[in-house]
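Pasted below: structure.json, JSON, C-alpha atoms and all ligand atoms.
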[["chain", "number", "residue", "atom", "x", "y", "z"],
["A", 1, "MET", "CA", 37.92, 22.61, 39.51],
["A", 2, "THR", "CA", 34.96, 23.11, 41.78],
["A", 3, "TYR", "CA", 31.33, 23.01, 40.72],
["A", 4, "SER", "CA", 28.91, 25.52, 42.12],
["A", 5, "LEU", "CA", 25.39, 24.56, 43.08],
["A", 6, "TRP", "CA", 24.25, 26.51, 40.01],
["A", 7, "HIS", "CA", 26.34, 24.21, 37.73],
["A", 8, "ILE", "CA", 24.86, 21.11, 39.29],
["A", 9, "VAL", "CA", 21.28, 22.42, 39.06],
["A", 10, "SER", "CA", 21.80, 23.44, 35.38],
["A", 11, "LEU", "CA", 23.23, 20.04, 34.51],
["A", 12, "GLY", "CA", 20.33, 18.39, 36.29],
["A", 13, "ILE", "CA", 17.78, 20.48, 34.35],
["A", 14, "LEU", "CA", 19.56, 19.65, 31.06],
["A", 15, "ALA", "CA", 19.57, 15.94, 31.89],
["A", 16, "ILE", "CA", 15.85, 16.00, 32.74],
["A", 17, "ALA", "CA", 15.10, 17.91, 29.52],
["A", 18, "ALA", "CA", 17.10, 15.37, 27.47],
["A", 19, "VAL", "CA", 15.27, 12.45, 29.07],
["A", 20, "LEU", "CA", 11.93, 14.18, 28.42],
["A", 21, "VAL", "CA", 12.78, 14.82, 24.74],
["A", 22, "LEU", "CA", 13.90, 11.20, 24.30],
["A", 23, "TYR", "CA", 10.69, 10.01, 25.94],
["A", 24, "ILE", "CA", 8.40, 12.23, 23.85],
["A", 25, "ARG", "CA", 10.24, 11.34, 20.61],
["A", 26, "ARG", "CA", 10.64, 7.64, 21.50],
["A", 27, "ASP", "CA", 8.67, 6.58, 18.39],
["A", 28, "ALA", "CA", 11.35, 8.10, 16.16],
["A", 29, "PHE", "CA", 14.01, 5.91, 17.77],
["A", 30, "ALA", "CA", 11.89, 2.79, 17.87],
["A", 31, "GLU", "CA", 12.84, -0.03, 15.60],
["A", 32, "PHE", "CA", 10.76, -0.19, 12.44],
["A", 33, "ARG", "CA", 8.09, -2.87, 12.59],
["A", 34, "PRO", "CA", 5.49, -3.46, 9.90],
["A", 35, "ALA", "CA", 1.85, -3.27, 10.99],
["A", 36, "THR", "CA", 1.10, -6.86, 10.12],
["A", 37, "ASP", "CA", 1.74, -9.71, 12.55],
["A", 38, "LYS", "CA", 2.53, -11.98, 9.59],
["A", 39, "CYS", "CA", 6.02, -10.46, 9.20],
["A", 40, "THR", "CA", 9.00, -12.13, 10.82],
["A", 41, "TYR", "CA", 12.30, -10.60, 11.81],
["A", 42, "GLN", "CA", 15.49, -11.91, 10.22],
["A", 43, "TRP", "CA", 18.77, -10.63, 11.64],
["A", 44, "ASP", "CA", 20.40, -10.17, 8.22],
["A", 45, "SER", "CA", 17.54, -8.59, 6.29],
["A", 46, "GLY", "CA", 15.19, -7.04, 8.84],
["A", 47, "TYR", "CA", 11.46, -7.68, 8.65],
["A", 48, "VAL", "CA", 10.37, -10.08, 5.92],
["A", 49, "CYS", "CA", 6.66, -10.05, 5.05],
["A", 50, "PRO", "CA", 4.77, -12.46, 2.87],
["A", 51, "SER", "CA", 3.94, -11.00, -0.53],
["A", 52, "SER", "CA", 0.40, -12.33, -0.52],
["A", 53, "LYS", "CA", -2.78, -12.15, 1.53],
["A", 54, "GLU", "CA", -5.57, -14.65, 1.93],
["A", 55, "THR", "CA", -8.92, -14.36, 3.71],
["A", 56, "ASP", "CA", -12.08, -16.50, 3.62],
["A", 57, "THR", "CA", -13.29, -14.63, 0.55],
["A", 58, "TYR", "CA", -10.27, -13.52, -1.48],
["A", 59, "LYS", "CA", -6.58, -14.05, -2.25],
["A", 60, "ILE", "CA", -4.05, -11.42, -3.29],
["A", 61, "LEU", "CA", -1.01, -12.86, -5.07],
["A", 62, "PRO", "CA", 1.73, -11.43, -7.31],
["A", 63, "TYR", "CA", 0.91, -11.44, -11.04],
["A", 64, "SER", "CA", 3.51, -14.15, -11.72],
["A", 65, "LYS", "CA", 1.71, -16.59, -9.39],
["A", 66, "HIS", "CA", -1.63, -16.45, -11.27],
["A", 67, "ASP", "CA", -2.84, -18.59, -14.15],
["A", 68, "ASP", "CA", -2.99, -17.23, -17.71],
["A", 69, "ALA", "CA", -6.77, -16.66, -17.69],
["A", 70, "THR", "CA", -6.53, -14.42, -14.63],
["A", 71, "LYS", "CA", -3.55, -12.51, -16.03],
["A", 72, "LYS", "CA", -5.53, -11.89, -19.23],
["A", 73, "ASP", "CA", -8.58, -10.73, -17.24],
["A", 74, "ALA", "CA", -6.45, -8.22, -15.36],
["A", 75, "ILE", "CA", -4.81, -6.92, -18.53],
["A", 76, "ASP", "CA", -8.17, -6.62, -20.36],
["A", 77, "HIS", "CA", -9.78, -4.72, -17.48],
["A", 78, "LEU", "CA", -6.90, -2.30, -16.99],
["A", 79, "SER", "CA", -6.59, -1.66, -20.76],
["A", 80, "ALA", "CA", -10.30, -0.90, -21.00],
["A", 81, "PHE", "CA", -10.16, 1.52, -18.08],
["A", 82, "TRP", "CA", -6.79, 3.23, -18.65],
["A", 83, "THR", "CA", -7.07, 3.53, -22.42],
["A", 84, "GLU", "CA", -4.12, 5.93, -22.62],
["A", 85, "TRP", "CA", -1.76, 3.06, -21.68],
["A", 86, "THR", "CA", -1.16, -0.12, -23.65],
["A", 87, "TYR", "CA", -1.42, -2.88, -21.09],
["A", 88, "ASP", "CA", 0.02, -6.25, -21.97],
["A", 89, "HIS", "CA", 2.26, -8.79, -20.29],
["A", 90, "ASN", "CA", 5.40, -6.88, -21.36],
["A", 91, "PHE", "CA", 4.06, -3.62, -19.94],
["A", 92, "ILE", "CA", 3.41, -5.24, -16.56],
["A", 93, "GLU", "CA", 6.75, -7.07, -16.58],
["A", 94, "ALA", "CA", 8.65, -3.90, -17.54],
["A", 95, "ASN", "CA", 6.99, -1.77, -14.87],
["A", 96, "TRP", "CA", 6.48, -4.12, -11.96],
["A", 97, "GLY", "CA", 7.53, -7.63, -12.97],
["A", 98, "LYS", "CA", 11.08, -7.69, -11.71],
["A", 99, "ASP", "CA", 10.20, -7.62, -8.04],
["A", 100, "ASP", "CA", 6.71, -9.09, -8.23],
["A", 101, "MET", "CA", 5.17, -5.73, -7.42],
["A", 102, "PHE", "CA", 1.95, -6.12, -9.40],
["A", 103, "TYR", "CA", -0.76, -7.95, -7.48],
["A", 104, "ILE", "CA", -4.06, -9.48, -8.51],
["A", 105, "MET", "CA", -6.97, -10.14, -6.15],
["A", 106, "VAL", "CA", -9.21, -13.12, -6.96],
["A", 107, "SER", "CA", -12.25, -14.54, -5.22],
["A", 108, "LYS", "CA", -12.13, -17.84, -3.39],
["A", 109, "ASP", "CA", -15.71, -18.78, -4.24],
["A", 110, "ALA", "CA", -16.78, -20.95, -7.18],
["A", 111, "VAL", "CA", -13.34, -22.39, -7.64],
["A", 112, "SER", "CA", -13.95, -25.81, -9.11],
["A", 113, "LYS", "CA", -12.15, -28.14, -11.46],
["A", 114, "ASP", "CA", -14.49, -26.96, -14.24],
["A", 115, "ALA", "CA", -13.91, -23.27, -13.62],
["A", 116, "VAL", "CA", -12.22, -21.43, -16.46],
["A", 117, "SER", "CA", -9.68, -20.06, -14.07],
["A", 118, "LYS", "CA", -8.31, -22.16, -11.22],
["A", 119, "ASP", "CA", -7.65, -18.88, -9.42],
["A", 120, "GLY", "CA", -11.30, -17.94, -8.96],
["A", 121, "ARG", "CA", -12.94, -14.78, -10.26],
["A", 122, "PHE", "CA", -10.77, -11.79, -11.03],
["A", 123, "LEU", "CA", -11.61, -9.02, -8.54],
["A", 124, "GLY", "CA", -8.99, -6.31, -8.77],
["A", 125, "THR", "CA", -5.39, -5.16, -8.87],
["A", 126, "VAL", "CA", -2.84, -3.04, -7.05],
["A", 127, "ALA", "CA", 0.79, -2.30, -7.90],
["A", 128, "ILE", "CA", 3.67, -0.84, -5.93],
["A", 129, "ASP", "CA", 5.74, 1.28, -8.25],
["A", 130, "ARG", "CA", 9.36, 1.38, -7.04],
["A", 131, "LYS", "CA", 10.76, 3.52, -9.84],
["A", 132, "ASN", "CA", 10.41, 6.59, -7.63],
["A", 133, "PHE", "CA", 12.24, 7.73, -4.54],
["A", 134, "TYR", "CA", 9.16, 6.71, -2.57],
["A", 135, "PRO", "CA", 7.14, 3.74, -3.73],
["A", 136, "PHE", "CA", 3.87, 4.82, -5.35],
["A", 137, "ILE", "CA", 0.78, 2.68, -4.92],
["A", 138, "SER", "CA", -0.85, 2.44, -8.34],
["A", 139, "GLN", "CA", -3.23, 0.43, -10.54],
["A", 140, "MET", "CA", -5.90, 0.37, -7.81],
["A", 141, "TYR", "CA", -8.74, -1.27, -9.67],
["A", 142, "VAL", "CA", -11.86, -3.26, -8.69],
["A", 143, "VAL", "CA", -14.22, -4.90, -11.22],
["A", 144, "PRO", "CA", -17.42, -2.81, -11.52],
["A", 145, "SER", "CA", -19.71, -5.61, -10.25],
["A", 146, "GLU", "CA", -17.73, -5.90, -6.98],
["A", 147, "ARG", "CA", -17.38, -2.24, -6.09],
["A", 148, "ARG", "CA", -18.59, -0.67, -2.84],
["A", 149, "LYS", "CA", -17.82, -3.83, -0.87],
["A", 150, "GLY", "CA", -14.60, -2.58, 0.64],
["A", 151, "LEU", "CA", -12.28, -4.46, -1.75],
["A", 152, "ALA", "CA", -10.30, -1.39, -2.84],
["A", 153, "THR", "CA", -9.81, -0.52, 0.82],
["A", 154, "GLU", "CA", -8.36, -4.02, 1.31],
["A", 155, "LEU", "CA", -6.10, -3.66, -1.74],
["A", 156, "LEU", "CA", -4.89, -0.28, -0.52],
["A", 157, "ARG", "CA", -4.13, -1.65, 2.94],
["A", 158, "PHE", "CA", -2.23, -4.53, 1.35],
["A", 159, "GLY", "CA", -0.23, -2.05, -0.78],
["A", 160, "GLU", "CA", 0.62, -0.09, 2.38],
["A", 161, "ASP", "CA", 1.77, -3.28, 4.16],
["A", 162, "VAL", "CA", 4.03, -4.13, 1.21],
["A", 163, "THR", "CA", 5.39, -0.56, 1.21],
["A", 164, "MET", "CA", 6.14, -0.78, 4.93],
["A", 165, "SER", "CA", 7.74, -4.19, 4.62],
["A", 166, "MET", "CA", 10.13, -2.65, 2.08],
["A", 167, "GLY", "CA", 11.30, -0.33, 4.88],
["A", 168, "PHE", "CA", 9.43, 2.83, 3.79],
["A", 169, "ASP", "CA", 7.32, 4.71, 6.29],
["A", 170, "THR", "CA", 5.41, 6.81, 3.74],
["A", 171, "ALA", "CA", 3.12, 5.79, 0.89],
["A", 172, "LYS", "CA", 2.27, 8.00, -2.05],
["A", 173, "LEU", "CA", -0.09, 7.74, -4.98],
["A", 174, "TRP", "CA", -1.67, 9.77, -7.76],
["A", 175, "CYS", "CA", -5.42, 10.12, -8.19],
["A", 176, "GLU", "CA", -8.01, 12.17, -9.97],
["A", 177, "LYS", "CA", -9.90, 14.93, -8.14],
["A", 178, "HIS", "CA", -13.10, 12.92, -7.58],
["A", 179, "LEU", "CA", -11.15, 10.30, -5.58],
["A", 180, "VAL", "CA", -9.39, 12.76, -3.27],
["A", 181, "PRO", "CA", -12.10, 12.42, -0.54],
["A", 182, "TRP", "CA", -11.94, 8.61, -0.84],
["A", 183, "TYR", "CA", -8.21, 8.63, -0.11],
["A", 184, "GLU", "CA", -8.52, 11.37, 2.54],
["A", 185, "LYS", "CA", -10.95, 9.12, 4.39],
["A", 186, "ARG", "CA", -8.21, 6.49, 4.40],
["A", 187, "GLY", "CA", -5.54, 8.75, 5.90],
["A", 188, "TYR", "CA", -4.03, 10.42, 2.82],
["A", 189, "GLN", "CA", -3.42, 14.13, 2.28],
["A", 190, "ALA", "CA", -3.04, 15.95, -1.02],
["A", 191, "GLU", "CA", 0.47, 17.40, -1.21],
["A", 192, "ASP", "CA", 0.78, 18.51, -4.84],
["A", 193, "THR", "CA", -0.72, 18.27, -8.32],
["A", 194, "VAL", "CA", 0.71, 17.10, -11.63],
["A", 195, "HIS", "CA", -0.65, 17.41, -15.16],
["A", 196, "GLN", "CA", -0.65, 14.35, -17.36],
["A", 197, "ASN", "CA", -2.54, 13.49, -20.57],
["A", 198, "GLY", "CA", -4.67, 16.60, -20.17],
["A", 199, "LYS", "CA", -5.73, 15.65, -16.62],
["A", 200, "THR", "CA", -4.88, 17.18, -13.28],
["A", 201, "LEU", "CA", -3.74, 14.47, -10.90],
["A", 202, "PHE", "CA", -3.38, 14.85, -7.14],
["A", 203, "ILE", "CA", -0.32, 13.46, -5.38],
["A", 204, "MET", "CA", -1.59, 11.98, -2.13],
["A", 205, "GLN", "CA", 0.61, 11.02, 0.78],
["A", 206, "LYS", "CA", 0.11, 8.95, 3.91],
["A", 207, "GLY", "CA", 2.67, 8.64, 6.66],
["A", 208, "PRO", "CA", 4.92, 8.40, 8.42],
["A", 209, "PHE", "CA", 3.20, 5.16, 9.40],
["A", 210, "GLN", "CA", 3.05, 4.46, 13.08],
["A", 211, "ARG", "CA", 6.14, 2.71, 14.32],
["A", 212, "ALA", "CA", 5.87, 0.11, 17.01],
["A", 213, "MET", "CA", 8.42, -0.33, 19.78],
["A", 214, "ALA", "CA", 10.51, -3.44, 19.34],
["A", 215, "ALA", "CA", 9.37, -6.32, 21.50],
["B", 1, "LIG", "C1", -11.93, 3.62, -6.97],
["B", 1, "LIG", "C2", -12.21, 2.13, -6.81],
["B", 1, "LIG", "C3", -10.84, 1.41, -6.80],
["B", 1, "LIG", "C4", -12.93, 1.92, -5.47],
["B", 1, "LIG", "O1", -13.21, 0.52, -5.33],
["B", 1, "LIG", "P1", -14.26, -0.07, -4.27],
["B", 1, "LIG", "O2", -13.91, -1.50, -4.08],
["B", 1, "LIG", "O3", -15.63, 0.26, -4.70],
["B", 1, "LIG", "O4", -13.90, 0.76, -2.96],
["B", 1, "LIG", "P2", -14.40, 0.42, -1.46],
["B", 1, "LIG", "O5", -15.55, -0.51, -1.51],
["B", 1, "LIG", "O6", -13.22, 0.05, -0.64],
["B", 1, "LIG", "O7", -14.92, 1.81, -0.97],
["B", 1, "LIG", "C5", -15.96, 2.43, -1.66],
["B", 1, "LIG", "C6", -17.05, 2.87, -0.80],
["B", 1, "LIG", "O8", -17.90, 1.80, -0.50],
["B", 1, "LIG", "C7", -18.16, 1.78, 0.92],
["B", 1, "LIG", "N1", -18.26, 0.40, 1.33],
["B", 1, "LIG", "C8", -17.32, -0.38, 1.86],
["B", 1, "LIG", "N2", -17.82, -1.59, 2.14],
["B", 1, "LIG", "C9", -19.12, -1.54, 1.75],
["B", 1, "LIG", "C10", -20.16, -2.49, 1.78],
["B", 1, "LIG", "N3", -19.99, -3.74, 2.25],
["B", 1, "LIG", "N4", -21.37, -2.12, 1.26],
["B", 1, "LIG", "C11", -21.54, -0.88, 0.77],
["B", 1, "LIG", "N5", -20.60, 0.06, 0.75],
["B", 1, "LIG", "C12", -19.40, -0.27, 1.24],
["B", 1, "LIG", "C13", -16.98, 2.42, 1.53],
["B", 1, "LIG", "O9", -17.33, 2.99, 2.79],
["B", 1, "LIG", "C14", -16.64, 3.45, 0.51],
["B", 1, "LIG", "O10", -17.45, 4.56, 0.73],
["B", 1, "LIG", "P3", -16.78, 5.98, 0.80],
["B", 1, "LIG", "O11", -16.37, 6.31, -0.60],
["B", 1, "LIG", "O12", -17.90, 6.84, 1.30],
["B", 1, "LIG", "O13", -15.62, 5.89, 1.70],
["B", 1, "LIG", "C15", -13.09, 1.59, -7.95],
["B", 1, "LIG", "O14", -14.22, 2.40, -8.08],
["B", 1, "LIG", "C16", -12.38, 1.48, -9.28],
["B", 1, "LIG", "O15", -11.77, 0.45, -9.60],
["B", 1, "LIG", "N6", -12.46, 2.54, -10.12],
["B", 1, "LIG", "C17", -11.80, 2.54, -11.43],
["B", 1, "LIG", "C18", -10.26, 2.61, -11.30],
["B", 1, "LIG", "C19", -9.81, 3.82, -10.51],
["B", 1, "LIG", "O16", -10.31, 4.93, -10.67],
["B", 1, "LIG", "N7", -8.81, 3.59, -9.66],
["B", 1, "LIG", "C20", -8.26, 4.59, -8.78],
["B", 1, "LIG", "C21", -6.93, 5.00, -9.26],
["B", 1, "LIG", "S1", -6.25, 6.24, -8.19]]

How does this structure look as structure tokens?
Ligand SMILES: CC(C)(COP(=O)(O)OP(=O)(O)OC[C@H]1O[C@@H](n2cnc3c(N)ncnc32)[C@H](O)[C@@H]1OP(=O)(O)O)[C@@H](O)C(=O)NCCC(=O)NCCS
Amino acid sequence: MTYSLWHIVSLGILAIAAVLVLYIRRDAFAEFRPATDKCTYQWDSGYVCPSSKETDTYKILPYSKHDDATKKDAIDHLSAFWTEWTYDHNFIEANWGKDDMFYIMVSKDAVSKDAVSKDGRFLGTVAIDRKNFYPFISQMYVVPSERRKGLATELLRFGEDVTMSMGFDTAKLWCEKHLVPWYEKRGYQAEDTVHQNGKTLFIMQKGPFQRAMAA
């Protein structure tokens, strides 16, 4: 069988096109890597990320790692805000307890032996709800006295890191209409609405998160 020049040129063009497509879409073939440099790669389980975050001013730890006073603070605050739900330890355990997916942020200031809570002041919460096909970031809450300091933005970012470390490249959440611009500013887009307890809630989505090429 002989190949004409035309065959060779066509094959060459196809090969160049394939290389171009692979190059342009290289992110899609890149190995998944979480955005945080705190995650380490383990050959048998992929990227493993710490389920906590600590800065000079705050700590975010799973519910189970906090003392009783802090757990009670979180439950009291969430119950007072989301009155349609009955928050207690069982509610948190049933929804997010199994995999430590409910997180509490506390301050690192004023932690002394005499402090009521050895954890510091209760600042806020975030949960990653895995009961859905995609994890939903939920229970975003910051105590009123500490709002507008960027803490919710930090909690949201932490929730996204946890979502990514679970191998998902998309985060979703529900919010009320007045918070849509807040989430849009942080990279989310409204994709649908649902009606619950007489309210219209917006389903917001962010992703796919940027994938980094494997080192
Ligand atoms: C919605 C909520 C979580 C936001 O918390 P927050 O900690 O005030 O949020 P942030 O500080 O990250 O962002 C709030 C604003 O303060 C601004 N901000 C951030 N740092 C700031 C600072 N140091 N000084 C002043 N403003 C600041 C941000 O730019 C942001 O402004 P924007 O809305 O124009 O983007 C909080 O109001 C809350 O708990 N509400 C009740 C529960 C609730 O509705 N949860 C949402 C469920 S979907």

Checklist entry - Quick one: residues within 8 Å of range 129-134 of chain A, all atoms listed in the file counted, chain neighbours fewer than 6 positions away excluded, as JSON, numbers by chain? => result {"A": [95, 96, 101, 168, 170, 171, 172]}

Write the selection just made, keeping C-alpha atoms, as a PDB file, in the frame of the given file?
ATOM      1  CA  ASN A  95       6.990  -1.770 -14.870  1.00  0.00           C
ATOM      2  CA  TRP A  96       6.480  -4.120 -11.960  1.00  0.00           C
ATOM      3  CA  MET A 101       5.170  -5.730  -7.420  1.00  0.00           C
ATOM      4  CA  PHE A 168       9.430   2.830   3.790  1.00  0.00           C
ATOM      5  CA  THR A 170       5.410   6.810   3.740  1.00  0.00           C
ATOM      6  CA  ALA A 171       3.120   5.790   0.890  1.00  0.00           C
ATOM      7  CA  LYS A 172       2.270   8.000  -2.050  1.00  0.00           C
TER       8      LYS A 172
END

Next on the checklist: Which residues are near ligand LIG 1 (chain B) in this structure, taking near to mean any atom at most 10 Å from a ligand atom and counting all atoms listed in the file? Format them as a PyMOL selection string.
Outcome noted: chain A and resi 77-78+81-82+123-126+137-157+173-186+201-204

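Nearest to Asp99 in chain A of all the residues A:Ser51, A:Thr86, A:Asp56, A:Thr70 is A:Ser51, based on only C-alpha atoms.
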
Next on the checklist: Would you pick out the contacts of Asn90 in chain A at 12 Å or less, using all atoms listed in the file, so that residues sharing its chain but fewer than 6 positions from it are not included, and give the list as a ChimeraX atom specification?
Outcome noted: /A:71,75,96-98

Checklist entry - Given the choices A:Tyr63, A:Tyr58, A:Phe91, A:Phe136, which gets closest to Val106 in chain A if the distance is worked out from only C-alpha atoms? => result A:Tyr58

Checklist entry - For the atom pair CA of Arg121 in chain A and CA of Asp68 in chain A, what is the interatomic distance in Å to one decimal place? => result 12.7 Å

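CA of Lys59 in chain A to CA of Asp76 in chain A spans 19.6 Å [interatomic distance, one decimal].
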
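Across the model, the gap from CA of Ser165 in chain A to CA of Gly120 in chain A is 27.1 Å.
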
Checklist entry - For Gln205 in chain A, which residue out of A:Val9, A:Tyr188, A:Ile60, A:Thr193 is the nearest one, using only C-alpha atoms? => result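 Closest candidate: A:Tyr188.
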